[in-house]
Amino acid sequence: MKMRLTVLLLVLWAGTAFAGPPSLQGGKLMPVGTAHQVGVGWPSLFYEWWHSGTPDWAIGGELVYGDWSGGFTNVEIGGAVNASFRWHLKETGSADIAFQVKPGMLLGSMDAGGGDHFVFGLRAELSLPVTVELTPKVNLITGGAIPLTYMIVDNAPDYFVLPLLARIGAEVQATEKITPWLLFELGPAIAFGDGTEAEFAFRIWVGSSFF
């Protein structure tokens with residue numbers, strides 16, 4: 001009897017020992033309930049309120065002071081609102097893969113040659129976030145993001161931005177309820193408007209999730 005109980009406990013432990021912490025930046029389903037997430041870096045300071053479901057979803061706001069979509073969207077100062085919808089696609093080994101849609105809207109000011117100009121931005125961000133469980137307390141975050149953006153600038157031509165960003169980061173569980181994280185996204189961005197241009201694009205944040 002003692003041997004059977006010991007084996008059962010070992011099986012249960014093995015099934016959870018490498019479960020990894022909860023993940024809002026990656027592709028793992030969030031725990032049932034709600035969560036909060038804050039982040040600061042380039043190009044913004046943001047807050048999101050998350051709710052579990054099918055899909056997991058969130059609403060949030062950003063104080064933007066840089067390249068909202070990584071490239072060609074360098075805002076002097078602005079405010080943005082976003083909504084996120086994340087569908088879990090597949091769990092394979094220690095990895096979870098999801099598909100996320102994140103529409104957003106920006107109002108702000110941009111230096112568009114000759115001074116500051118009012119800017120209105122619309123974004124439809126598509127991403128494949130991936131969580132890879134490394135240890136019971138550490139997740140590797142990877143995948144890719146395409147923050148498709150349309151910018152309307154006062155007294156300047158409208159233009160469309162196509163960034164193609166790879167994601168790399170980590171989530172580290174500090175306590176049962178708190179998971180700090182770091183996320184870096186980088187890649188090319190192409191602008192279509194009065195001609196076509198390309199540049200290196202990046203976004204980087206550090207923050208924490210609260211469950």
# chains A, B, ... in the order shown; residues from 1 in each chain; ligands from 1

call {"tool": "residues_around", "arguments": {"residues": "Ser44 of chain A", "least_positions_apart": "2", "cutoff": "9 Å", "atoms": "only C-alpha atoms", "output": "list in words"}}
result
Gly39, Val40, Gly41, Trp42, Phe46, Glu62, Leu63, Val64, Tyr65, Gly66, Asp67, Trp68, Arg203 and Trp205 of chain A

call {"tool": "residues_around", "arguments": {"residues": "Gly169 of chain A", "least_positions_apart": "6", "cutoff": "10 Å", "atoms": "only C-alpha atoms", "output": "PyMOL selection string"}}
result
chain A and resi 25-26+131+139-143+181-185+204-206

call {"tool": "closest_residue", "arguments": {"among": "A:Ile97, A:Trp87, A:Asn82, A:Val38", "to": "Pro55 of chain A", "atoms": "only C-alpha atoms"}}
result
A:Trp87

call {"tool": "atom_distance", "arguments": {"atom1": "atom CA of Leu134 of chain A", "atom2": "atom CA of Pro180 of chain A"}}
result
15.3 Å

call {"tool": "residues_around", "arguments": {"residues": "Leu164 of chain A", "least_positions_apart": "4", "cutoff": "12 Å", "atoms": "only C-alpha atoms", "output": "JSON, numbers by chain"}}
result
{"A": [69, 70, 71, 125, 126, 127, 128, 143, 144, 145, 146, 147, 148, 149, 185, 186, 187, 188, 189, 190, 191, 198, 199, 200, 201, 202, 203]}

call {"tool": "decode", "arguments": {"residues": "segment 41-70 of chain A", "atoms": "N, CA and C atoms", "output": "short mmCIF file (atom, residue, chain, number, x, y, z; two decimals), in the first residue's frame"}}
result
data_model
loop_
_atom_site.label_atom_id
_atom_site.label_comp_id
_atom_site.auth_asym_id
_atom_site.auth_seq_id
_atom_site.Cartn_x
_atom_site.Cartn_y
_atom_site.Cartn_z
N GLY A 41 9.06 50.14 -21.23
CA GLY A 41 10.24 49.99 -22.09
C GLY A 41 10.10 50.89 -23.30
N TRP A 42 10.53 50.37 -24.45
CA TRP A 42 10.42 51.09 -25.73
C TRP A 42 9.46 50.31 -26.61
N PRO A 43 8.33 50.89 -27.02
CA PRO A 43 8.07 52.33 -27.08
C PRO A 43 7.02 52.83 -26.09
N SER A 44 6.70 52.07 -25.03
CA SER A 44 5.53 52.48 -24.26
C SER A 44 5.56 51.96 -22.83
N LEU A 45 4.67 52.53 -22.05
CA LEU A 45 4.28 52.03 -20.74
C LEU A 45 2.85 51.55 -20.88
N PHE A 46 2.55 50.30 -20.44
CA PHE A 46 1.20 49.79 -20.69
C PHE A 46 0.64 49.01 -19.52
N TYR A 47 -0.68 48.88 -19.53
CA TYR A 47 -1.41 48.05 -18.56
C TYR A 47 -2.45 47.24 -19.33
N GLU A 48 -2.63 45.96 -18.94
CA GLU A 48 -3.66 45.10 -19.54
C GLU A 48 -4.40 44.33 -18.45
N TRP A 49 -5.70 44.19 -18.64
CA TRP A 49 -6.54 43.36 -17.79
C TRP A 49 -6.98 42.15 -18.60
N TRP A 50 -6.63 40.94 -18.11
CA TRP A 50 -6.88 39.71 -18.84
C TRP A 50 -8.01 38.90 -18.20
N HIS A 51 -8.73 38.16 -19.07
CA HIS A 51 -9.80 37.27 -18.62
C HIS A 51 -9.65 35.95 -19.37
N SER A 52 -9.71 34.84 -18.64
CA SER A 52 -9.57 33.53 -19.28
C SER A 52 -10.82 33.17 -20.07
N GLY A 53 -10.67 32.31 -21.05
CA GLY A 53 -11.81 31.87 -21.86
C GLY A 53 -11.33 31.22 -23.13
N THR A 54 -12.24 31.11 -24.10
CA THR A 54 -11.90 30.59 -25.42
C THR A 54 -12.36 31.60 -26.46
N PRO A 55 -11.53 32.60 -26.77
CA PRO A 55 -10.12 32.72 -26.39
C PRO A 55 -9.92 33.42 -25.04
N ASP A 56 -8.66 33.37 -24.53
CA ASP A 56 -8.26 34.33 -23.50
C ASP A 56 -8.32 35.72 -24.14
N TRP A 57 -8.77 36.72 -23.38
CA TRP A 57 -8.86 38.06 -23.97
C TRP A 57 -8.46 39.12 -22.96
N ALA A 58 -8.13 40.30 -23.48
CA ALA A 58 -7.67 41.38 -22.62
C ALA A 58 -8.03 42.73 -23.22
N ILE A 59 -8.13 43.73 -22.36
CA ILE A 59 -8.23 45.12 -22.79
C ILE A 59 -7.12 45.89 -22.08
N GLY A 60 -6.61 46.93 -22.74
CA GLY A 60 -5.49 47.64 -22.13
C GLY A 60 -5.28 49.02 -22.72
N GLY A 61 -4.38 49.75 -22.09
CA GLY A 61 -4.02 51.09 -22.54
C GLY A 61 -2.52 51.28 -22.50
N GLU A 62 -2.03 52.21 -23.35
CA GLU A 62 -0.60 52.48 -23.46
C GLU A 62 -0.33 53.97 -23.45
N LEU A 63 0.71 54.37 -22.75
CA LEU A 63 1.31 55.69 -22.92
C LEU A 63 2.48 55.49 -23.87
N VAL A 64 2.38 56.04 -25.08
CA VAL A 64 3.36 55.77 -26.14
C VAL A 64 4.30 56.96 -26.30
N TYR A 65 5.62 56.66 -26.36
CA TYR A 65 6.62 57.73 -26.52
C TYR A 65 7.73 57.26 -27.47
N GLY A 66 7.38 56.39 -28.41
CA GLY A 66 8.36 55.87 -29.36
C GLY A 66 7.68 55.18 -30.52
N ASP A 67 8.40 54.24 -31.14
CA ASP A 67 7.89 53.53 -32.31
C ASP A 67 6.81 52.53 -31.90
N TRP A 68 5.56 52.95 -32.02
CA TRP A 68 4.41 52.16 -31.55
C TRP A 68 4.43 50.74 -32.09
N SER A 69 4.80 50.59 -33.36
CA SER A 69 4.81 49.27 -33.99
C SER A 69 6.22 48.79 -34.31
N GLY A 70 7.22 49.44 -33.73
CA GLY A 70 8.60 48.99 -33.90
C GLY A 70 9.40 49.80 -34.91
#
